[in-house]
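Take a look at the structure below.
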Amino acid sequence: MEAELSSQPETWARAAELRDEQKLLPSAGERVAIVGCGTSWFMAQSYAALRESAGLGVTDAFAASEAPTGSSIFAGREYDAVVAITRSGTTTEVLELLDLVRASGAKTRTIGIVGDPQTPLVDLVDEVVKLPFADEQSVVQTRFATTALAFLRASLGENLDAAIADAAAAVSEELDDALLGADQYTFLGANWTVGLAHEAALKMREASQSWTESYPAKEYRHGPIAIAAPGRVTWMFGHAPQGLADDVAATGAHFENSQLDGLADLIRAQRVSLARARRFELDPDSPRNLTRSVILAS
């Protein structure tokens with residue numbers, strides 16, 4: 001996990017240069033569903049928010065298991081394209097959904113973004129974006145997810161130079177003891193960083209079995225702030241809503257809000273989860289109850 005998360009500045013830079021592959025993604029104005037499971041679903045949420053915010057068309061993110069198929073694919077919703085993110089290319093729910101799209105006879109184009117190209121996903125999609133340089137051995141995902149999102153951001157026309165520089169800083173900067181020793185973490189985001197907040201919370205649970213929660217930032221004061229207290233952390237990705245820092249400070253909790261690009265700040269959360277795993281003598285490469293891919297019995 002340490003080697004893989006430290007390589008992210010390089011893998012993002014490679015993804016940003018995949019110009020031909022970026023052209024495979026949906027064009028402006030197309031209606032898009034983007035699907036994944038776990039970490040990939042959270043990256044899908046971030047892409048959907050970015051694409052819609054850029055005015056490029058309706059973009060809905062679904063957990064692959066919860067896509068509204070109903071009696072027909074997507075229950076009557078009309079999508080021009082479905083984008084599926086999967087590191088392994090073997091995740092059951094993603095493959096089942098793609099198979100449903102194909103069997104429906106719909107004209108919906110399918111695009112897969114995959115870490116391991118020697119997998120069943122490749123034969124189920126019309127186009128495939130292969131990111132083998134971002135694939136991982138650790139069960140706990142770090143670089144594949146962020147590299148997929150970096151690729152998607154670049155496809156929307158973003159210049160990632162600043163984000164990549166921030167990622168290099170995030171890999172090497174010293175971590176505050178308040179972040180390493182907390183007994184509870186709440187991660188917050190707004191717009192495209194909500195997905196990052198959910199992903200940060202998942203990393204902490206997977207790698208270090210820590211108590212974590214995640215919310216859209218403005219929802220935090222509608223109840224969840226009740227658990228903020230000394231010795232706990234509220235971590236905001238991106239620009240914080242006005243007054244939030246003061247509200248958290250009043251609880252005695254530590255408020256974390258880096259000026260780094262949100263995706264780069266996620267690397268810092270990954271590093272905290274790794275450090276805590278080591279502190280508790282856990283193995284993030286083989287965490288409790290988890291496998292690299294969820295393959296369900298038919």
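Simple scheme: letters A, B, ... for chains in structure tokens order, numbers from 1 for residues in each chain, numbers from 1 for ligands in the order shown.
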
Apply DSSP to the backbone of this structure and, from segment 76-260 of chain A, keep only the residues in strand (DSSP E or B); write these as a compact mmCIF listing (two decimals) with all heavy atoms, in the first residue's frame.
```
# COMPACT_ATOMS: atom_id res chain seq x y z
N ALA A 81 -24.62 6.65 -22.91
CA ALA A 81 -23.43 5.86 -22.59
C ALA A 81 -23.45 5.44 -21.12
O ALA A 81 -23.99 6.15 -20.26
CB ALA A 81 -22.16 6.67 -22.87
N VAL A 82 -22.87 4.28 -20.87
CA VAL A 82 -22.63 3.79 -19.52
C VAL A 82 -21.12 3.62 -19.36
O VAL A 82 -20.48 2.95 -20.18
CB VAL A 82 -23.33 2.45 -19.25
CG1 VAL A 82 -22.93 1.90 -17.88
CG2 VAL A 82 -24.83 2.60 -19.34
N VAL A 83 -20.57 4.25 -18.34
CA VAL A 83 -19.15 4.11 -18.02
C VAL A 83 -19.03 3.27 -16.76
O VAL A 83 -19.69 3.56 -15.75
CB VAL A 83 -18.48 5.48 -17.80
CG1 VAL A 83 -17.00 5.31 -17.45
CG2 VAL A 83 -18.65 6.37 -19.03
N ALA A 84 -18.24 2.21 -16.81
CA ALA A 84 -18.05 1.32 -15.66
C ALA A 84 -16.61 1.38 -15.20
O ALA A 84 -15.69 1.23 -16.01
CB ALA A 84 -18.42 -0.12 -16.02
N ILE A 85 -16.41 1.63 -13.90
CA ILE A 85 -15.07 1.65 -13.31
C ILE A 85 -14.90 0.39 -12.48
O ILE A 85 -15.72 0.09 -11.61
CB ILE A 85 -14.86 2.87 -12.41
CG1 ILE A 85 -15.18 4.17 -13.15
CG2 ILE A 85 -13.42 2.92 -11.89
CD1 ILE A 85 -15.12 5.40 -12.26
N THR A 86 -13.83 -0.36 -12.72
CA THR A 86 -13.53 -1.54 -11.93
C THR A 86 -12.05 -1.85 -12.00
O THR A 86 -11.50 -2.04 -13.09
CB THR A 86 -14.36 -2.77 -12.37
OG1 THR A 86 -13.81 -3.96 -11.79
CG2 THR A 86 -14.40 -2.93 -13.87
N ARG A 109 -24.02 3.06 -25.53
CA ARG A 109 -22.61 2.67 -25.67
C ARG A 109 -22.03 2.40 -24.28
O ARG A 109 -22.36 3.09 -23.31
CB ARG A 109 -21.85 3.80 -26.35
CG ARG A 109 -20.42 3.43 -26.77
CD ARG A 109 -19.88 4.46 -27.77
NE ARG A 109 -19.80 5.78 -27.19
CZ ARG A 109 -18.69 6.32 -26.67
NH1 ARG A 109 -17.57 5.62 -26.66
NH2 ARG A 109 -18.70 7.54 -26.17
N THR A 110 -21.18 1.40 -24.16
CA THR A 110 -20.57 1.05 -22.88
C THR A 110 -19.06 1.23 -22.95
O THR A 110 -18.41 0.84 -23.93
CB THR A 110 -20.90 -0.39 -22.47
OG1 THR A 110 -20.53 -1.29 -23.53
CG2 THR A 110 -22.38 -0.54 -22.18
N ILE A 111 -18.52 1.83 -21.89
CA ILE A 111 -17.08 2.07 -21.78
C ILE A 111 -16.61 1.55 -20.44
O ILE A 111 -17.20 1.86 -19.40
CB ILE A 111 -16.74 3.57 -21.90
CG1 ILE A 111 -17.30 4.17 -23.19
CG2 ILE A 111 -15.23 3.80 -21.81
CD1 ILE A 111 -18.43 5.13 -22.98
N GLY A 112 -15.56 0.75 -20.43
CA GLY A 112 -15.00 0.25 -19.19
C GLY A 112 -13.66 0.89 -18.89
O GLY A 112 -12.85 1.10 -19.80
N ILE A 113 -13.44 1.22 -17.62
CA ILE A 113 -12.13 1.70 -17.15
C ILE A 113 -11.62 0.66 -16.18
O ILE A 113 -12.24 0.41 -15.13
CB ILE A 113 -12.25 3.07 -16.46
CG1 ILE A 113 -12.85 4.10 -17.43
CG2 ILE A 113 -10.89 3.55 -15.95
CD1 ILE A 113 -13.11 5.46 -16.80
N VAL A 114 -10.50 0.02 -16.50
CA VAL A 114 -10.09 -1.17 -15.78
C VAL A 114 -8.59 -1.15 -15.50
O VAL A 114 -7.80 -0.61 -16.28
CB VAL A 114 -10.49 -2.44 -16.59
CG1 VAL A 114 -9.71 -2.54 -17.88
CG2 VAL A 114 -10.34 -3.70 -15.75
N GLU A 127 -16.02 -0.13 -25.61
CA GLU A 127 -14.70 0.50 -25.56
C GLU A 127 -14.09 0.23 -24.19
O GLU A 127 -14.81 0.16 -23.19
CB GLU A 127 -14.78 2.02 -25.77
CG GLU A 127 -15.57 2.45 -27.00
CD GLU A 127 -14.80 2.26 -28.30
OE1 GLU A 127 -13.64 1.82 -28.24
OE2 GLU A 127 -15.37 2.55 -29.37
N VAL A 128 -12.77 0.11 -24.15
CA VAL A 128 -12.12 -0.13 -22.87
C VAL A 128 -10.92 0.81 -22.72
O VAL A 128 -10.15 1.02 -23.65
CB VAL A 128 -11.67 -1.60 -22.72
CG1 VAL A 128 -10.66 -2.00 -23.78
CG2 VAL A 128 -11.13 -1.86 -21.32
N VAL A 129 -10.83 1.39 -21.53
CA VAL A 129 -9.68 2.22 -21.15
C VAL A 129 -8.85 1.39 -20.17
O VAL A 129 -9.33 1.04 -19.08
CB VAL A 129 -10.12 3.54 -20.49
CG1 VAL A 129 -8.90 4.31 -19.99
CG2 VAL A 129 -10.95 4.37 -21.46
N LYS A 130 -7.65 1.07 -20.57
CA LYS A 130 -6.80 0.18 -19.77
C LYS A 130 -5.79 1.02 -18.98
O LYS A 130 -5.03 1.80 -19.56
CB LYS A 130 -6.08 -0.81 -20.68
CG LYS A 130 -7.02 -1.67 -21.51
CD LYS A 130 -6.27 -2.54 -22.51
CE LYS A 130 -7.23 -3.34 -23.39
NZ LYS A 130 -6.50 -4.16 -24.39
N GLN A 184 -11.88 9.22 16.39
CA GLN A 184 -13.01 9.22 15.46
C GLN A 184 -12.74 10.25 14.38
O GLN A 184 -12.11 11.28 14.62
CB GLN A 184 -14.31 9.55 16.18
CG GLN A 184 -15.59 9.36 15.36
CD GLN A 184 -15.92 10.56 14.48
OE1 GLN A 184 -15.52 11.69 14.79
NE2 GLN A 184 -16.65 10.34 13.40
N TYR A 185 -13.21 9.95 13.14
CA TYR A 185 -12.99 10.84 11.99
C TYR A 185 -14.31 11.04 11.24
O TYR A 185 -15.03 10.06 10.97
CB TYR A 185 -11.99 10.23 11.01
CG TYR A 185 -10.62 9.97 11.59
CD1 TYR A 185 -10.38 8.85 12.38
CD2 TYR A 185 -9.56 10.85 11.35
CE1 TYR A 185 -9.13 8.60 12.91
CE2 TYR A 185 -8.31 10.61 11.88
CZ TYR A 185 -8.09 9.49 12.66
OH TYR A 185 -6.85 9.24 13.20
N THR A 186 -14.60 12.28 10.90
CA THR A 186 -15.71 12.56 10.00
C THR A 186 -15.14 13.32 8.80
O THR A 186 -14.50 14.37 8.96
CB THR A 186 -16.79 13.42 10.67
OG1 THR A 186 -17.30 12.71 11.80
CG2 THR A 186 -17.93 13.69 9.70
N PHE A 187 -15.37 12.78 7.61
CA PHE A 187 -14.88 13.39 6.37
C PHE A 187 -16.03 14.08 5.65
O PHE A 187 -17.13 13.53 5.54
CB PHE A 187 -14.26 12.32 5.46
CG PHE A 187 -13.03 11.69 6.04
CD1 PHE A 187 -13.10 10.47 6.71
CD2 PHE A 187 -11.80 12.31 5.93
CE1 PHE A 187 -11.97 9.88 7.26
CE2 PHE A 187 -10.65 11.73 6.48
CZ PHE A 187 -10.73 10.52 7.14
N LEU A 188 -15.75 15.27 5.16
CA LEU A 188 -16.76 16.10 4.52
C LEU A 188 -16.30 16.54 3.14
O LEU A 188 -15.10 16.72 2.89
CB LEU A 188 -17.06 17.34 5.36
CG LEU A 188 -17.41 17.12 6.83
CD1 LEU A 188 -17.58 18.47 7.53
CD2 LEU A 188 -18.67 16.28 6.96
N GLY A 189 -17.26 16.75 2.24
CA GLY A 189 -16.96 17.27 0.91
C GLY A 189 -18.13 18.08 0.40
O GLY A 189 -19.21 18.11 1.00
N THR A 212 -15.20 5.87 11.36
CA THR A 212 -15.25 7.00 10.43
C THR A 212 -16.66 7.17 9.88
O THR A 212 -17.42 6.20 9.75
CB THR A 212 -14.29 6.82 9.25
OG1 THR A 212 -14.71 5.70 8.45
CG2 THR A 212 -12.87 6.58 9.72
N GLU A 213 -16.98 8.41 9.54
CA GLU A 213 -18.24 8.74 8.89
C GLU A 213 -17.94 9.75 7.78
O GLU A 213 -16.85 10.33 7.74
CB GLU A 213 -19.24 9.31 9.89
CG GLU A 213 -19.57 8.35 11.02
CD GLU A 213 -20.60 8.89 11.99
OE1 GLU A 213 -21.15 9.98 11.75
OE2 GLU A 213 -20.86 8.21 13.00
N SER A 214 -18.91 9.98 6.88
CA SER A 214 -18.69 10.93 5.79
C SER A 214 -20.03 11.50 5.35
O SER A 214 -21.03 10.79 5.31
CB SER A 214 -17.99 10.25 4.61
OG SER A 214 -18.68 9.08 4.19
N TYR A 215 -20.00 12.80 4.98
CA TYR A 215 -21.22 13.52 4.64
C TYR A 215 -20.92 14.66 3.68
O TYR A 215 -19.79 15.17 3.64
CB TYR A 215 -21.86 14.14 5.90
CG TYR A 215 -22.15 13.17 7.01
CD1 TYR A 215 -21.23 12.97 8.03
CD2 TYR A 215 -23.34 12.44 7.03
CE1 TYR A 215 -21.50 12.08 9.06
CE2 TYR A 215 -23.61 11.54 8.05
CZ TYR A 215 -22.68 11.36 9.06
OH TYR A 215 -22.95 10.47 10.07
N PRO A 216 -21.93 15.14 2.95
CA PRO A 216 -21.81 16.45 2.31
C PRO A 216 -21.63 17.50 3.41
O PRO A 216 -22.27 17.42 4.47
CB PRO A 216 -23.15 16.63 1.59
CG PRO A 216 -23.67 15.23 1.40
CD PRO A 216 -23.21 14.49 2.61
N ARG A 232 -11.21 14.06 18.43
CA ARG A 232 -11.81 13.61 17.18
C ARG A 232 -11.50 14.60 16.06
O ARG A 232 -11.12 15.75 16.33
CB ARG A 232 -13.31 13.42 17.35
CG ARG A 232 -13.62 12.34 18.39
CD ARG A 232 -15.10 12.15 18.66
NE ARG A 232 -15.28 11.08 19.65
CZ ARG A 232 -16.45 10.70 20.12
NH1 ARG A 232 -17.57 11.30 19.72
NH2 ARG A 232 -16.52 9.72 21.00
N VAL A 233 -11.64 14.14 14.83
CA VAL A 233 -11.24 14.94 13.66
C VAL A 233 -12.41 15.13 12.72
O VAL A 233 -13.14 14.18 12.41
CB VAL A 233 -10.08 14.26 12.90
CG1 VAL A 233 -9.84 14.93 11.55
CG2 VAL A 233 -8.81 14.27 13.73
N THR A 234 -12.61 16.36 12.27
CA THR A 234 -13.51 16.67 11.16
C THR A 234 -12.64 17.16 10.01
O THR A 234 -11.95 18.17 10.15
CB THR A 234 -14.53 17.75 11.56
OG1 THR A 234 -15.31 17.27 12.66
CG2 THR A 234 -15.46 18.06 10.39
N TRP A 235 -12.68 16.45 8.91
CA TRP A 235 -11.73 16.67 7.80
C TRP A 235 -12.53 17.07 6.56
O TRP A 235 -13.32 16.30 6.04
CB TRP A 235 -10.95 15.39 7.56
CG TRP A 235 -9.81 15.44 6.62
CD1 TRP A 235 -9.69 16.15 5.46
CD2 TRP A 235 -8.59 14.69 6.75
NE1 TRP A 235 -8.49 15.91 4.85
CE2 TRP A 235 -7.78 15.01 5.63
CE3 TRP A 235 -8.12 13.78 7.68
CZ2 TRP A 235 -6.52 14.44 5.43
CZ3 TRP A 235 -6.86 13.22 7.48
CH2 TRP A 235 -6.07 13.55 6.38
N MET A 236 -12.30 18.28 6.09
CA MET A 236 -13.02 18.83 4.94
C MET A 236 -12.14 18.78 3.70
O MET A 236 -11.01 19.26 3.71
CB MET A 236 -13.42 20.28 5.24
CG MET A 236 -14.06 21.02 4.08
SD MET A 236 -15.76 20.48 3.78
CE MET A 236 -15.93 20.91 2.02
N HIS A 254 -10.68 18.58 16.21
CA HIS A 254 -9.68 19.14 15.29
C HIS A 254 -10.31 19.29 13.91
O HIS A 254 -10.87 18.33 13.37
CB HIS A 254 -8.46 18.21 15.21
CG HIS A 254 -7.46 18.63 14.18
ND1 HIS A 254 -6.49 19.57 14.44
CD2 HIS A 254 -7.28 18.23 12.89
CE1 HIS A 254 -5.75 19.74 13.35
NE2 HIS A 254 -6.21 18.94 12.40
N PHE A 255 -10.21 20.48 13.34
CA PHE A 255 -10.74 20.73 11.99
C PHE A 255 -9.58 20.74 11.01
O PHE A 255 -8.65 21.54 11.13
CB PHE A 255 -11.48 22.06 11.93
CG PHE A 255 -12.16 22.31 10.59
CD1 PHE A 255 -13.23 21.54 10.19
CD2 PHE A 255 -11.71 23.33 9.76
CE1 PHE A 255 -13.85 21.76 8.97
CE2 PHE A 255 -12.32 23.55 8.54
CZ PHE A 255 -13.40 22.77 8.13
N GLU A 256 -9.64 19.85 10.03
CA GLU A 256 -8.59 19.72 9.02
C GLU A 256 -9.13 20.18 7.68
O GLU A 256 -10.16 19.69 7.21
CB GLU A 256 -8.12 18.26 8.93
CG GLU A 256 -6.95 18.04 8.00
CD GLU A 256 -5.64 18.61 8.53
OE1 GLU A 256 -5.57 18.95 9.72
OE2 GLU A 256 -4.69 18.70 7.73
```

Just list as a PDB file with C-alpha atoms, in the first residue's frame whatever in segment 191-268 of chain A DSSP marks as helix (DSSP H, G or I).
```pdb
ATOM      1  CA  THR A 193     -15.347  16.199  -3.248  1.00  0.00           C
ATOM      2  CA  VAL A 194     -18.288  14.439  -1.563  1.00  0.00           C
ATOM      3  CA  GLY A 195     -17.140  11.258  -3.301  1.00  0.00           C
ATOM      4  CA  LEU A 196     -13.636  11.857  -1.952  1.00  0.00           C
ATOM      5  CA  ALA A 197     -15.007  12.197   1.580  1.00  0.00           C
ATOM      6  CA  HIS A 198     -16.821   8.863   1.275  1.00  0.00           C
ATOM      7  CA  GLU A 199     -13.658   7.262  -0.104  1.00  0.00           C
ATOM      8  CA  ALA A 200     -11.462   8.632   2.702  1.00  0.00           C
ATOM      9  CA  ALA A 201     -13.837   7.191   5.283  1.00  0.00           C
ATOM     10  CA  LEU A 202     -13.792   3.829   3.528  1.00  0.00           C
ATOM     11  CA  LYS A 203      -9.974   3.773   3.458  1.00  0.00           C
ATOM     12  CA  MET A 204      -9.805   4.364   7.197  1.00  0.00           C
ATOM     13  CA  ARG A 205     -12.307   1.589   7.897  1.00  0.00           C
ATOM     14  CA  GLU A 206     -10.634  -0.893   5.553  1.00  0.00           C
ATOM     15  CA  ALA A 207      -7.019  -0.309   6.496  1.00  0.00           C
ATOM     16  CA  SER A 208      -7.199   0.515  10.189  1.00  0.00           C
ATOM     17  CA  ALA A 217     -20.372  19.392   4.233  1.00  0.00           C
ATOM     18  CA  LYS A 218     -23.572  21.385   4.675  1.00  0.00           C
ATOM     19  CA  GLU A 219     -25.362  18.280   5.952  1.00  0.00           C
ATOM     20  CA  PRO A 224     -23.632  14.489  12.637  1.00  0.00           C
ATOM     21  CA  ILE A 225     -21.743  17.332  14.345  1.00  0.00           C
ATOM     22  CA  ALA A 226     -23.197  15.939  17.574  1.00  0.00           C
ATOM     23  CA  ILE A 227     -20.348  13.422  17.757  1.00  0.00           C
ATOM     24  CA  LEU A 244     -17.965  25.474   9.582  1.00  0.00           C
ATOM     25  CA  ALA A 245     -14.460  25.754  11.008  1.00  0.00           C
ATOM     26  CA  ASP A 246     -15.742  27.867  13.909  1.00  0.00           C
ATOM     27  CA  ASP A 247     -18.577  25.445  14.585  1.00  0.00           C
ATOM     28  CA  VAL A 248     -16.170  22.512  14.750  1.00  0.00           C
ATOM     29  CA  ALA A 249     -13.700  24.453  16.896  1.00  0.00           C
ATOM     30  CA  ALA A 250     -16.465  25.079  19.419  1.00  0.00           C
ATOM     31  CA  THR A 251     -16.812  21.314  19.913  1.00  0.00           C
ATOM     32  CA  GLY A 262      -9.043  17.641  -3.061  1.00  0.00           C
ATOM     33  CA  LEU A 263      -7.757  14.526  -4.806  1.00  0.00           C
ATOM     34  CA  ALA A 264      -4.252  15.213  -3.510  1.00  0.00           C
ATOM     35  CA  ASP A 265      -5.624  15.707  -0.018  1.00  0.00           C
ATOM     36  CA  LEU A 266      -7.124  12.227  -0.295  1.00  0.00           C
ATOM     37  CA  ILE A 267      -3.547  10.923  -0.437  1.00  0.00           C
ATOM     38  CA  ARG A 268      -2.994  12.412   3.019  1.00  0.00           C
TER      39      ARG A 268
END
```

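With only C-alpha atoms as the atoms that count, the minimum distance from Pro68 of chain A to the choices A:Thr146, A:Ala277, A:Val101, A:Ala28 is reached by A:Val101.
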
*May I have the residues within 6 Å of Ala15 of chain A as a list in words, using only C-alpha atoms and disregarding those fewer than 3 positions away in the same chain?*
Trp12, Leu18 and Phe151 of chain A

Okay, now the selection with all heavy atoms, as a short mmCIF file (atom, residue, chain, number, x, y, z; two decimals), in the first residue's frame?
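This is the output file result24.cif:
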```cif
data_model
loop_
_atom_site.label_atom_id
_atom_site.label_comp_id
_atom_site.auth_asym_id
_atom_site.auth_seq_id
_atom_site.Cartn_x
_atom_site.Cartn_y
_atom_site.Cartn_z
N TRP A 12 -0.92 9.63 -12.09
CA TRP A 12 -1.83 10.68 -12.55
C TRP A 12 -1.29 11.35 -13.80
O TRP A 12 -2.04 11.65 -14.73
CB TRP A 12 -2.03 11.74 -11.47
CG TRP A 12 -2.69 11.27 -10.22
CD1 TRP A 12 -3.04 9.99 -9.87
CD2 TRP A 12 -3.07 12.10 -9.11
NE1 TRP A 12 -3.61 9.97 -8.63
CE2 TRP A 12 -3.65 11.23 -8.14
CE3 TRP A 12 -2.98 13.46 -8.86
CZ2 TRP A 12 -4.12 11.72 -6.92
CZ3 TRP A 12 -3.45 13.94 -7.65
CH2 TRP A 12 -4.02 13.08 -6.68
N LEU A 18 -3.16 10.37 -21.67
CA LEU A 18 -3.85 9.36 -22.50
C LEU A 18 -4.93 10.04 -23.35
O LEU A 18 -6.13 9.83 -23.18
CB LEU A 18 -4.47 8.28 -21.61
CG LEU A 18 -3.48 7.45 -20.78
CD1 LEU A 18 -4.23 6.46 -19.89
CD2 LEU A 18 -2.49 6.71 -21.68
N PHE A 151 -7.78 10.62 -14.73
CA PHE A 151 -8.04 10.41 -16.15
C PHE A 151 -9.37 11.05 -16.56
O PHE A 151 -9.46 11.76 -17.57
CB PHE A 151 -8.06 8.91 -16.44
CG PHE A 151 -8.56 8.55 -17.81
CD1 PHE A 151 -7.73 8.64 -18.91
CD2 PHE A 151 -9.86 8.11 -18.00
CE1 PHE A 151 -8.19 8.32 -20.18
CE2 PHE A 151 -10.33 7.78 -19.26
CZ PHE A 151 -9.48 7.88 -20.35
#
```

_Please report the interatomic distance between atom CA of Gln259 of chain A and atom CA of Ala165 of chain A in Å with one decimal._
12.4 Å

*asked:* Measuring between only C-alpha atoms, which one of A:Glu4, A:Glu158, A:Glu10, A:Asp80 shows the shortest distance to Ile34 of chain A?
replied: A:Asp80

*asked:* Considering only C-alpha atoms, can you say which of A:Ala229, A:Val272, A:Ala150, A:Cys37 comes closest to Asp177 of chain A?
replied: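 Result for the nearest residue to Asp177 of chain A: A:Val272.
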
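Here the question is which of A:Ala64, A:Ala178, A:Ala162, A:Leu152 gets nearest to Thr92 of chain A using only C-alpha atoms, and that residue is A:Ala64.
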
Can you tell me, as a PDB file with C-alpha atoms, in the first residue's frame, what residues are no more than 12 Å from Leu56 of chain A when counting only C-alpha atoms, ignoring any on the same chain fewer than 6 positions away?
```
ATOM      1  CA  LEU A  25     -15.455   8.870 -23.179  1.00  0.00           C
ATOM      2  CA  PRO A  26     -18.889  10.445 -23.689  1.00  0.00           C
ATOM      3  CA  SER A  27     -19.058  13.684 -25.635  1.00  0.00           C
ATOM      4  CA  ALA A  28     -20.578  16.933 -24.413  1.00  0.00           C
ATOM      5  CA  GLY A  29     -24.369  16.739 -24.350  1.00  0.00           C
ATOM      6  CA  GLU A  30     -24.589  12.964 -24.000  1.00  0.00           C
ATOM      7  CA  ARG A  31     -26.575  11.508 -21.103  1.00  0.00           C
ATOM      8  CA  VAL A  32     -24.312   9.304 -19.025  1.00  0.00           C
ATOM      9  CA  TYR A  47     -16.914  12.438 -11.959  1.00  0.00           C
ATOM     10  CA  ALA A  48     -20.676  12.853 -12.210  1.00  0.00           C
ATOM     11  CA  ALA A  49     -20.542  16.063 -10.169  1.00  0.00           C
ATOM     12  CA  LEU A  50     -17.632  17.437 -12.210  1.00  0.00           C
ATOM     13  CA  SER A 155     -11.050  14.114 -20.202  1.00  0.00           C
ATOM     14  CA  LEU A 156     -13.208  17.056 -19.085  1.00  0.00           C
ATOM     15  CA  GLY A 157     -10.473  19.470 -20.112  1.00  0.00           C
TER      16      GLY A 157
END
```

*asked:* Residues near Phe62 of chain A, anyone? I mean within 9 Å using only C-alpha atoms, not counting same-chain ones fewer than 5 positions away, as a VMD selection string.
replied: chain A and resid 33 to 37 41 44 to 45 67 to 68

Take the residues just selected and output them with N, CA and C atoms as an mmCIF file, in the first residue's frame.
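Heads up, here's the output in part-v3.cif:
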```cif
data_model
loop_
_atom_site.group_PDB
_atom_site.id
_atom_site.type_symbol
_atom_site.label_atom_id
_atom_site.label_comp_id
_atom_site.auth_asym_id
_atom_site.auth_seq_id
_atom_site.Cartn_x
_atom_site.Cartn_y
_atom_site.Cartn_z
ATOM 1 N N ALA A 33 -24.584 7.396 -17.560
ATOM 2 C CA ALA A 33 -24.619 6.715 -16.264
ATOM 3 C C ALA A 33 -23.219 6.180 -16.020
ATOM 4 N N ILE A 34 -22.681 6.436 -14.833
ATOM 5 C CA ILE A 34 -21.356 5.910 -14.484
ATOM 6 C C ILE A 34 -21.507 5.051 -13.243
ATOM 7 N N VAL A 35 -20.959 3.841 -13.293
ATOM 8 C CA VAL A 35 -21.215 2.857 -12.243
ATOM 9 C C VAL A 35 -19.920 2.276 -11.708
ATOM 10 N N GLY A 36 -19.989 1.772 -10.494
ATOM 11 C CA GLY A 36 -18.872 1.089 -9.869
ATOM 12 C C GLY A 36 -19.335 0.518 -8.547
ATOM 13 N N CYS A 37 -18.428 -0.125 -7.846
ATOM 14 C CA CYS A 37 -18.724 -0.673 -6.522
ATOM 15 C C CYS A 37 -17.664 -0.183 -5.541
ATOM 16 N N TRP A 41 -17.344 3.351 -7.018
ATOM 17 C CA TRP A 41 -18.612 4.107 -6.959
ATOM 18 C C TRP A 41 -18.363 5.533 -6.470
ATOM 19 N N ALA A 44 -16.971 7.484 -9.179
ATOM 20 C CA ALA A 44 -18.057 7.776 -10.118
ATOM 21 C C ALA A 44 -18.854 8.990 -9.658
ATOM 22 N N GLN A 45 -19.107 9.094 -8.363
ATOM 23 C CA GLN A 45 -19.830 10.238 -7.830
ATOM 24 C C GLN A 45 -19.083 11.540 -8.114
ATOM 25 N N ALA A 67 -28.281 0.213 -9.533
ATOM 26 C CA ALA A 67 -28.747 0.897 -10.736
ATOM 27 C C ALA A 67 -30.192 0.502 -10.993
ATOM 28 N N PRO A 68 -31.070 1.457 -11.298
ATOM 29 C CA PRO A 68 -32.519 1.197 -11.388
ATOM 30 C C PRO A 68 -32.902 0.482 -12.676
#
```

*Excluding same-chain residues fewer than 6 positions from Pro9 of chain A, what lies within 6 Å of it counting only C-alpha atoms, as a PyMOL selection string?*
chain A and resi 164+167-168

Using N, CA, C and O atoms, can you export the residues from the last selection as a tab-separated table (two decimals), in the first residue's frame?
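Resulting contents of result.tsv:
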```tsv
chain	number	residue	atom	x	y	z
A	164	ILE	N	-1.20	17.45	-9.66
A	164	ILE	CA	-0.07	16.51	-9.60
A	164	ILE	C	1.02	17.04	-8.68
A	164	ILE	O	1.61	16.29	-7.88
A	167	ALA	N	-0.14	16.49	-5.28
A	167	ALA	CA	-0.02	15.08	-4.92
A	167	ALA	C	1.40	14.76	-4.45
A	167	ALA	O	1.59	14.01	-3.48
A	168	ALA	N	2.39	15.32	-5.13
A	168	ALA	CA	3.78	15.10	-4.72
A	168	ALA	C	4.02	15.65	-3.32
A	168	ALA	O	4.72	15.04	-2.50
```

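The closest residue to Trp192 of chain A, picked from A:Glu78, A:Glu2, A:Asp261, A:Glu93 and counting only C-alpha atoms, is A:Asp261.
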
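Proximity to Asp126 of chain A was assessed for A:Val94, A:Leu24, A:Met43, A:Tyr220 counting only C-alpha atoms; the smallest distance is recorded for A:Leu24.
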
*asked:* Env of Leu124 of chain A: 7 Å cut, atoms = only C-alpha atoms, seq-sep filter 4 positions within chain, self excluded. Answer as a ChimeraX atom specification.
replied: /A:98-99,120
